[in-house]
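> The structure file final.pdb (PDB, C-alpha atoms) is provided below.
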```pdb
ATOM      1  CA  MET P   1      95.292  95.601 129.187
ATOM      2  CA  ALA P   2      91.931  93.824 129.061
ATOM      3  CA  ALA P   3      88.991  95.402 130.830
ATOM      4  CA  LYS P   4      87.578  93.743 133.928
ATOM      5  CA  HIS P   5      85.250  90.837 133.260
ATOM      6  CA  GLU P   6      86.393  90.320 129.642
ATOM      7  CA  THR P   7      86.640  86.698 128.587
ATOM      8  CA  THR P   8      88.289  85.405 125.443
ATOM      9  CA  GLN P   9      88.097  82.031 123.748
ATOM     10  CA  LEU P  10      88.775  80.441 120.375
ATOM     11  CA  ARG P  11      85.711  79.218 118.492
ATOM     12  CA  GLN P  12      84.750  77.940 115.072
ATOM     13  CA  ALA P  13      81.592  78.572 113.063
ATOM     14  CA  GLY P  14      80.753  78.470 109.381
ATOM     15  CA  GLY P  15      84.226  77.124 108.630
ATOM     16  CA  ILE P  16      85.796  80.186 110.284
ATOM     17  CA  CYS P  17      88.106  79.971 113.288
ATOM     18  CA  TYR P  18      87.768  83.126 115.374
ATOM     19  CA  GLN P  19      88.728  84.676 118.678
ATOM     20  CA  LEU P  20      85.650  85.571 120.697
ATOM     21  CA  THR P  21      85.821  88.245 123.377
ATOM     22  CA  ARG P  22      82.986  89.272 125.664
ATOM     23  CA  ARG P  23      83.169  93.004 126.280
ATOM     24  CA  ARG P  24      81.115  95.894 127.456
ATOM     25  CA  VAL P  25      79.867  96.666 123.949
ATOM     26  CA  LYS P  26      76.356  97.164 122.591
ATOM     27  CA  ASN P  27      76.722  95.293 119.312
ATOM     28  CA  LEU P  28      78.451  92.260 117.914
ATOM     29  CA  ASN P  29      81.670  93.449 116.257
ATOM     30  CA  LEU P  30      83.764  91.680 113.663
ATOM     31  CA  ARG P  31      87.334  92.409 112.626
ATOM     32  CA  VAL P  32      89.823  90.718 110.340
ATOM     33  CA  ARG P  33      93.242  91.672 111.646
ATOM     34  CA  SER P  34      96.215  92.509 109.438
ATOM     35  CA  ASP P  35      97.647  89.018 110.098
ATOM     36  CA  GLY P  36      94.421  87.449 108.770
ATOM     37  CA  THR P  37      93.059  86.293 112.121
ATOM     38  CA  VAL P  38      89.413  86.929 112.897
ATOM     39  CA  ALA P  39      88.236  88.621 116.087
ATOM     40  CA  VAL P  40      84.655  88.969 117.264
ATOM     41  CA  SER P  41      83.559  90.910 120.310
ATOM     42  CA  ILE P  42      80.101  90.490 121.758
ATOM     43  CA  PRO P  43      78.106  92.052 124.589
ATOM     44  CA  MET P  44      78.426  90.333 127.958
ATOM     45  CA  ARG P  45      74.872  88.973 127.756
ATOM     46  CA  ALA P  46      75.019  87.689 124.169
ATOM     47  CA  SER P  47      74.988  83.943 123.729
ATOM     48  CA  LEU P  48      77.651  81.824 122.064
ATOM     49  CA  ARG P  49      74.978  80.728 119.602
ATOM     50  CA  GLN P  50      74.433  84.360 118.602
ATOM     51  CA  ALA P  51      78.164  84.823 118.074
ATOM     52  CA  ASP P  52      78.428  81.680 115.945
ATOM     53  CA  ALA P  53      75.389  82.689 113.876
ATOM     54  CA  PHE P  54      76.901  86.150 113.342
ATOM     55  CA  VAL P  55      80.163  84.645 112.073
ATOM     56  CA  THR P  56      78.347  82.127 109.885
ATOM     57  CA  ALA P  57      76.193  84.876 108.359
ATOM     58  CA  HIS P  58      79.330  86.849 107.490
ATOM     59  CA  ALA P  59      81.505  83.867 106.486
ATOM     60  CA  GLU P  60      81.820  84.833 102.816
ATOM     61  CA  TRP P  61      82.807  88.404 103.665
ATOM     62  CA  ILE P  62      85.301  87.140 106.265
ATOM     63  CA  GLN P  63      86.923  84.759 103.784
ATOM     64  CA  GLN P  64      87.315  87.572 101.239
ATOM     65  CA  ALA P  65      88.752  89.902 103.891
ATOM     66  CA  VAL P  66      91.254  87.240 105.013
ATOM     67  CA  LEU P  67      92.388  86.800 101.383
ATOM     68  CA  ARG P  68      92.775  90.578 101.000
ATOM     69  CA  GLN P  69      94.903  90.740 104.136
ATOM     70  CA  GLN P  70      97.065  87.851 102.948
ATOM     71  CA  ARG P  71      97.626  89.547  99.572
ATOM     72  CA  ARG P  72      98.483  92.837 101.272
ATOM     73  CA  ALA P  73     100.946  91.106 103.580
ATOM     74  CA  ALA P  74     102.666  89.517 100.575
ATOM     75  CA  ARG P  75     103.387  92.869  98.907
ATOM     76  CA  PRO P  76     106.523  94.700  99.997
ATOM     77  CA  LEU P  77     106.247  98.199 101.405
ATOM     78  CA  PRO P  78     108.762 100.982 100.834
ATOM     79  CA  ASP P  79     110.742 102.564 103.610
ATOM     80  CA  ARG P  80     108.988 105.456 105.332
ATOM     81  CA  ALA P  81     111.169 108.094 103.677
ATOM     82  CA  ALA P  82     110.131 106.958 100.187
ATOM     83  CA  ALA P  83     106.477 106.729 101.218
ATOM     84  CA  LEU P  84     106.627 110.180 102.813
ATOM     85  CA  GLU P  85     108.083 111.654  99.645
ATOM     86  CA  HIS P  86     105.336 110.000  97.589
ATOM     87  CA  PHE P  87     102.423 111.111  99.806
ATOM     88  CA  THR P  88     103.875 114.602 100.158
ATOM     89  CA  ALA P  89     103.933 114.888  96.351
ATOM     90  CA  LEU P  90     100.300 113.715  96.142
ATOM     91  CA  SER P  91      99.380 116.210  98.870
ATOM     92  CA  ARG P  92     101.105 119.087  97.086
ATOM     93  CA  ALA P  93      99.073 118.267  93.975
ATOM     94  CA  VAL P  94      95.737 118.713  95.792
ATOM     95  CA  PHE P  95      96.850 121.498  98.152
ATOM     96  CA  PRO P  96      95.914 124.403  95.821
ATOM     97  CA  SER P  97      92.239 123.459  96.215
ATOM     98  CA  PHE P  98      92.601 123.854  99.992
ATOM     99  CA  ALA P  99      95.220 126.627 100.192
ATOM    100  CA  GLU P 100      92.764 129.348 101.124
ATOM    101  CA  ALA P 101      91.228 127.323 103.969
ATOM    102  CA  LEU P 102      94.747 126.539 105.226
ATOM    103  CA  GLY P 103      95.974 130.110 105.048
ATOM    104  CA  GLY P 104      98.344 129.217 102.238
ATOM    105  CA  GLN P 105     100.348 126.893 104.489
ATOM    106  CA  MET P 106     100.795 123.254 103.544
ATOM    107  CA  PRO P 107      99.932 120.877 106.428
ATOM    108  CA  VAL P 108     102.534 118.557 107.931
ATOM    109  CA  ILE P 109     102.439 115.192 106.154
ATOM    110  CA  LYS P 110     103.421 112.010 108.007
ATOM    111  CA  VAL P 111     103.430 108.293 107.244
ATOM    112  CA  ARG P 112     103.160 105.418 109.713
ATOM    113  CA  ALA P 113     101.997 101.842 109.927
ATOM    114  CA  MET P 114      98.256 101.804 110.608
ATOM    115  CA  THR P 115      96.015  98.763 110.541
ATOM    116  CA  SER P 116      92.495 100.155 110.454
ATOM    117  CA  ARG P 117      92.706 103.483 108.609
ATOM    118  CA  TRP P 118      94.156 104.765 105.360
ATOM    119  CA  GLY P 119      94.673 108.260 106.708
ATOM    120  CA  VAL P 120      94.056 110.552 109.664
ATOM    121  CA  CYS P 121      93.669 114.325 109.644
ATOM    122  CA  VAL P 122      94.189 116.376 112.804
ATOM    123  CA  PRO P 123      93.060 119.888 111.851
ATOM    124  CA  ALA P 124      94.151 121.404 115.185
ATOM    125  CA  LYS P 125      97.734 120.279 114.480
ATOM    126  CA  ARG P 126      97.474 121.000 110.728
ATOM    127  CA  GLN P 127      98.645 117.439 110.149
ATOM    128  CA  ILE P 128      97.727 114.484 107.940
ATOM    129  CA  THR P 129      99.109 110.991 108.530
ATOM    130  CA  PHE P 130      98.843 108.358 105.810
ATOM    131  CA  ALA P 131      98.997 104.595 106.319
ATOM    132  CA  LEU P 132     102.168 103.068 104.921
ATOM    133  CA  ALA P 133     100.016 100.284 103.408
ATOM    134  CA  LEU P 134      98.238 102.863 101.228
ATOM    135  CA  TRP P 135     101.369 102.688  99.060
ATOM    136  CA  ASN P 136     100.160  99.351  97.656
ATOM    137  CA  GLU P 137      96.703 100.603  96.704
ATOM    138  CA  PRO P 138      95.818 101.862  93.196
ATOM    139  CA  ALA P 139      96.854 105.448  92.385
ATOM    140  CA  ALA P 140      93.214 106.542  92.027
ATOM    141  CA  ALA P 141      92.472 105.214  95.528
ATOM    142  CA  GLN P 142      95.527 106.966  96.957
ATOM    143  CA  GLU P 143      94.377 110.251  95.429
ATOM    144  CA  TYR P 144      90.929 109.729  96.958
ATOM    145  CA  VAL P 145      92.415 109.250 100.445
ATOM    146  CA  VAL P 146      94.503 112.408 100.066
ATOM    147  CA  VAL P 147      91.462 114.478  99.019
ATOM    148  CA  HIS P 148      89.353 112.868 101.767
ATOM    149  CA  GLU P 149      91.865 113.816 104.465
ATOM    150  CA  PHE P 150      92.322 117.361 103.128
ATOM    151  CA  CYS P 151      88.525 117.830 103.179
ATOM    152  CA  HIS P 152      88.662 117.365 106.954
ATOM    153  CA  PHE P 153      90.309 120.793 107.137
ATOM    154  CA  LEU P 154      87.018 122.147 105.758
ATOM    155  CA  VAL P 155      84.615 119.884 107.674
ATOM    156  CA  PRO P 156      86.110 117.889 110.584
ATOM    157  CA  ASN P 157      83.533 115.060 110.552
ATOM    158  CA  HIS P 158      81.769 112.777 108.058
ATOM    159  CA  SER P 159      78.552 114.796 107.822
ATOM    160  CA  PRO P 160      76.725 115.397 104.530
ATOM    161  CA  ALA P 161      78.603 118.728 104.310
ATOM    162  CA  PHE P 162      81.898 116.820 104.385
ATOM    163  CA  TRP P 163      80.857 114.434 101.617
ATOM    164  CA  ALA P 164      79.657 117.420  99.555
ATOM    165  CA  GLN P 165      83.197 118.854  99.772
ATOM    166  CA  VAL P 166      84.676 115.518  98.653
ATOM    167  CA  GLU P 167      82.148 115.295  95.803
ATOM    168  CA  GLN P 168      82.923 118.827  94.661
ATOM    169  CA  ARG P 169      86.636 118.084  94.366
ATOM    170  CA  MET P 170      86.404 114.487  93.194
ATOM    171  CA  PRO P 171      83.076 113.559  91.551
ATOM    172  CA  ASP P 172      84.155 109.914  91.120
ATOM    173  CA  TRP P 173      85.143 109.481  94.786
ATOM    174  CA  LYS P 174      82.805 106.516  95.348
ATOM    175  CA  ALA P 175      84.440 104.471  92.591
ATOM    176  CA  ARG P 176      87.877 105.420  93.893
ATOM    177  CA  ARG P 177      86.952 104.509  97.472
ATOM    178  CA  ALA P 178      85.627 101.155  96.237
ATOM    179  CA  LEU P 179      89.132 100.372  94.920
ATOM    180  CA  LEU P 180      90.320 100.253  98.548
ATOM    181  CA  ARG P 181      87.939  97.364  99.176
ATOM    182  CA  GLU P 182      88.837  95.314  96.101
ATOM    183  CA  GLU P 183      91.800  93.169  95.196
TER
END
```
What do you get writing this file as structure tokens?


Amino acid sequence: MAAKHETTQLRQAGGICYQLTRRRVKNLNLRVRSDGTVAVSIPMRASLRQADAFVTAHAEWIQQAVLRQQRRAARPLPDRAAALEHFTALSRAVFPSFAEALGGQMPVIKVRAMTSRWGVCVPAKRQITFALALWNEPAAAQEYVVVHEFCHFLVPNHSPAFWAQVEQRMPDWKARRALLREE
């Protein structure tokens, strides 16, 4: 349900058609949805000219993101059971590095359709959920996401201490993470 006072309209700028929503936000926000549509939210007091300039300034990035989403949508995904088996196997491979912190107990692994994240770790529930779409990413990128999520059992945020844990276990993590942004 939309918040009070939100307004939405379709606009075009820089050759990009986008859905503009005025919201109670501090910054201009840009998102390319999984279906390839573009959404921009702006503060209530921002002007339409500011929104159009923002989209125009990011037009090249938007076009690339739309192409990535279209390519992802064209690739078939496995059923959840096959994906769960796959991500459980990847998780078992990295688990020994985290076994002590987890008291020797493997966390619960889940898979579901997610549009804005590759994985989610909930340390309190001892659970990691992977995005079904991760299946279509390169193996090195998948391994990075698994290590990234397991590191949240050690450090629950994205502080420098967290990234140090990722670096320790996967020195080439930056190159692997970059694979998630390419195509």

> Tell me, as a ChimeraX atom specification, which residues lie within 12 Å of range 109-126 of chain P, counting all atoms listed in the file; anything in the same chain fewer than 5 positions away does not count.

/P:31-36,69,72-73,77-92,95,101-104,131-137,141-157,177,180-181

> Is it possible to get the axis-aligned box enclosing range 92-100 of chain P (all listed atoms, 3 Å extra per side) as lines of an AutoDock Vina configuration file, with centre and edge lengths in Å rounded to one decimal?


```
center_x = 96.7
center_y = 123.8
center_z = 97.5
size_x = 14.9
size_y = 17.1
size_z = 13.1
```

> In terms of the shortest atom-to-atom distance over all atoms listed in the file, which of P:Trp163, P:Gln168, P:Arg176, P:Met44 is closest to Ala139 in chain P?

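The answer is P:Arg176, which sits nearest to Ala139 in chain P.
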
> Can you translate the PyMOL selection byres ((chain P and resi 54) around 12) into the concrete residues it hits in this file, as a ChimeraX atom specification?

/P:12-14,16,18,20,27-30,39-42,46-53,55-62

> Could you tell me how far CA of Leu10 in chain P lies from CA of Val38 in chain P, in Å and to one decimal?

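One can read the CA of Leu10 in chain P to CA of Val38 in chain P distance as 9.9 Å.
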
> State, in Å with one decimal place, the distance from CA of Leu179 in chain P to CA of Pro138 in chain P.

7.1 Å

> So how many Å separate CA of Gln63 in chain P and CA of Ala178 in chain P, to one decimal?

18.1 Å

> With the PyMOL selection byres ((chain P and resi 8) around 8) as the selection, what would be picked from this file? Answer as a list in words, please.

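Answer for the PyMOL selection byres ((chain P and resi 8) around 8): Glu6, Thr7, Gln9, Leu10, Gln19, Leu20, Thr21 and Arg22 of chain P.
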
> Given the file shown, enumerate the residues that the PyMOL selection byres ((chain P and resi 107) around 6) captures and present them as a PyMOL selection string.

chain P and resi 106+108+126-127

> Restricted to N, CA and C atoms, what does range 63-105 of chain P look like when written out as a compact mmCIF listing (two decimals), in the first residue's frame?


```txt
# COMPACT_ATOMS: atom_id res chain seq x y z
N GLN P 63 20.68 1.77 -19.03
CA GLN P 63 20.57 0.95 -20.23
C GLN P 63 21.28 -0.39 -20.05
N GLN P 64 22.47 -0.36 -19.44
CA GLN P 64 23.21 -1.60 -19.18
C GLN P 64 22.45 -2.49 -18.19
N ALA P 65 21.89 -1.89 -17.16
CA ALA P 65 21.14 -2.65 -16.16
C ALA P 65 19.89 -3.29 -16.78
N VAL P 66 19.21 -2.55 -17.66
CA VAL P 66 18.02 -3.10 -18.33
C VAL P 66 18.43 -4.30 -19.19
N LEU P 67 19.55 -4.19 -19.91
CA LEU P 67 20.03 -5.32 -20.72
C LEU P 67 20.37 -6.52 -19.85
N ARG P 68 21.01 -6.28 -18.71
CA ARG P 68 21.34 -7.38 -17.79
C ARG P 68 20.06 -8.08 -17.32
N GLN P 69 19.06 -7.30 -16.97
CA GLN P 69 17.81 -7.89 -16.49
C GLN P 69 17.12 -8.69 -17.61
N GLN P 70 17.18 -8.19 -18.83
CA GLN P 70 16.58 -8.91 -19.94
C GLN P 70 17.29 -10.23 -20.19
N ARG P 71 18.64 -10.22 -20.10
CA ARG P 71 19.40 -11.46 -20.29
C ARG P 71 19.10 -12.45 -19.17
N ARG P 72 19.00 -11.95 -17.95
CA ARG P 72 18.69 -12.84 -16.82
C ARG P 72 17.32 -13.46 -16.99
N ALA P 73 16.36 -12.67 -17.44
CA ALA P 73 14.99 -13.16 -17.60
C ALA P 73 14.92 -14.23 -18.69
N ALA P 74 15.85 -14.17 -19.65
CA ALA P 74 15.82 -15.11 -20.77
C ALA P 74 16.41 -16.47 -20.40
N ARG P 75 17.16 -16.53 -19.30
CA ARG P 75 17.79 -17.79 -18.90
C ARG P 75 16.85 -18.57 -17.97
N PRO P 76 16.69 -19.85 -18.25
CA PRO P 76 15.80 -20.65 -17.40
C PRO P 76 16.42 -20.91 -16.03
N LEU P 77 15.58 -21.01 -15.04
CA LEU P 77 16.02 -21.33 -13.68
C LEU P 77 15.59 -22.75 -13.34
N PRO P 78 16.34 -23.41 -12.48
CA PRO P 78 15.96 -24.77 -12.08
C PRO P 78 14.78 -24.73 -11.11
N ASP P 79 14.26 -25.89 -10.79
CA ASP P 79 13.25 -25.90 -9.74
C ASP P 79 13.98 -25.69 -8.41
N ARG P 80 13.24 -25.33 -7.39
CA ARG P 80 13.85 -24.99 -6.10
C ARG P 80 14.60 -26.16 -5.48
N ALA P 81 14.10 -27.37 -5.69
CA ALA P 81 14.76 -28.55 -5.10
C ALA P 81 16.18 -28.70 -5.67
N ALA P 82 16.32 -28.54 -6.98
CA ALA P 82 17.64 -28.66 -7.60
C ALA P 82 18.55 -27.52 -7.14
N ALA P 83 18.00 -26.32 -7.06
CA ALA P 83 18.81 -25.18 -6.59
C ALA P 83 19.21 -25.37 -5.13
N LEU P 84 18.31 -25.87 -4.32
CA LEU P 84 18.62 -26.10 -2.91
C LEU P 84 19.74 -27.12 -2.77
N GLU P 85 19.67 -28.17 -3.54
CA GLU P 85 20.72 -29.20 -3.51
C GLU P 85 22.07 -28.58 -3.89
N HIS P 86 22.06 -27.77 -4.93
CA HIS P 86 23.28 -27.12 -5.41
C HIS P 86 23.88 -26.18 -4.36
N PHE P 87 23.04 -25.29 -3.79
CA PHE P 87 23.56 -24.32 -2.82
C PHE P 87 23.91 -24.97 -1.48
N THR P 88 23.26 -26.07 -1.17
CA THR P 88 23.62 -26.82 0.04
C THR P 88 25.01 -27.43 -0.15
N ALA P 89 25.27 -27.97 -1.34
CA ALA P 89 26.60 -28.55 -1.62
C ALA P 89 27.68 -27.47 -1.54
N LEU P 90 27.42 -26.30 -2.12
CA LEU P 90 28.39 -25.20 -2.03
C LEU P 90 28.60 -24.79 -0.57
N SER P 91 27.54 -24.77 0.20
CA SER P 91 27.63 -24.39 1.61
C SER P 91 28.42 -25.41 2.41
N ARG P 92 28.21 -26.68 2.13
CA ARG P 92 28.97 -27.72 2.83
C ARG P 92 30.46 -27.60 2.54
N ALA P 93 30.80 -27.15 1.34
CA ALA P 93 32.21 -27.01 0.98
C ALA P 93 32.90 -25.91 1.78
N VAL P 94 32.19 -24.84 2.13
CA VAL P 94 32.82 -23.75 2.89
C VAL P 94 32.58 -23.87 4.40
N PHE P 95 31.65 -24.71 4.80
CA PHE P 95 31.30 -24.86 6.21
C PHE P 95 32.50 -25.13 7.13
N PRO P 96 33.45 -26.00 6.76
CA PRO P 96 34.55 -26.28 7.69
C PRO P 96 35.26 -25.02 8.19
N SER P 97 35.34 -23.99 7.38
CA SER P 97 35.98 -22.74 7.78
C SER P 97 35.18 -21.99 8.84
N PHE P 98 33.91 -22.35 8.99
CA PHE P 98 33.02 -21.66 9.93
C PHE P 98 32.48 -22.58 11.02
N ALA P 99 32.88 -23.85 10.97
CA ALA P 99 32.31 -24.86 11.88
C ALA P 99 32.47 -24.49 13.34
N GLU P 100 33.63 -23.98 13.71
CA GLU P 100 33.85 -23.64 15.11
C GLU P 100 32.89 -22.53 15.56
N ALA P 101 32.75 -21.49 14.75
CA ALA P 101 31.87 -20.38 15.10
C ALA P 101 30.41 -20.83 15.16
N LEU P 102 30.07 -21.89 14.43
CA LEU P 102 28.69 -22.38 14.39
C LEU P 102 28.50 -23.60 15.30
N GLY P 103 29.44 -23.83 16.17
CA GLY P 103 29.31 -24.95 17.10
C GLY P 103 29.23 -26.30 16.41
N GLY P 104 29.85 -26.39 15.24
CA GLY P 104 29.85 -27.64 14.50
C GLY P 104 28.55 -27.99 13.81
N GLN P 105 27.58 -27.09 13.86
CA GLN P 105 26.26 -27.37 13.27
C GLN P 105 26.05 -26.54 12.00
```
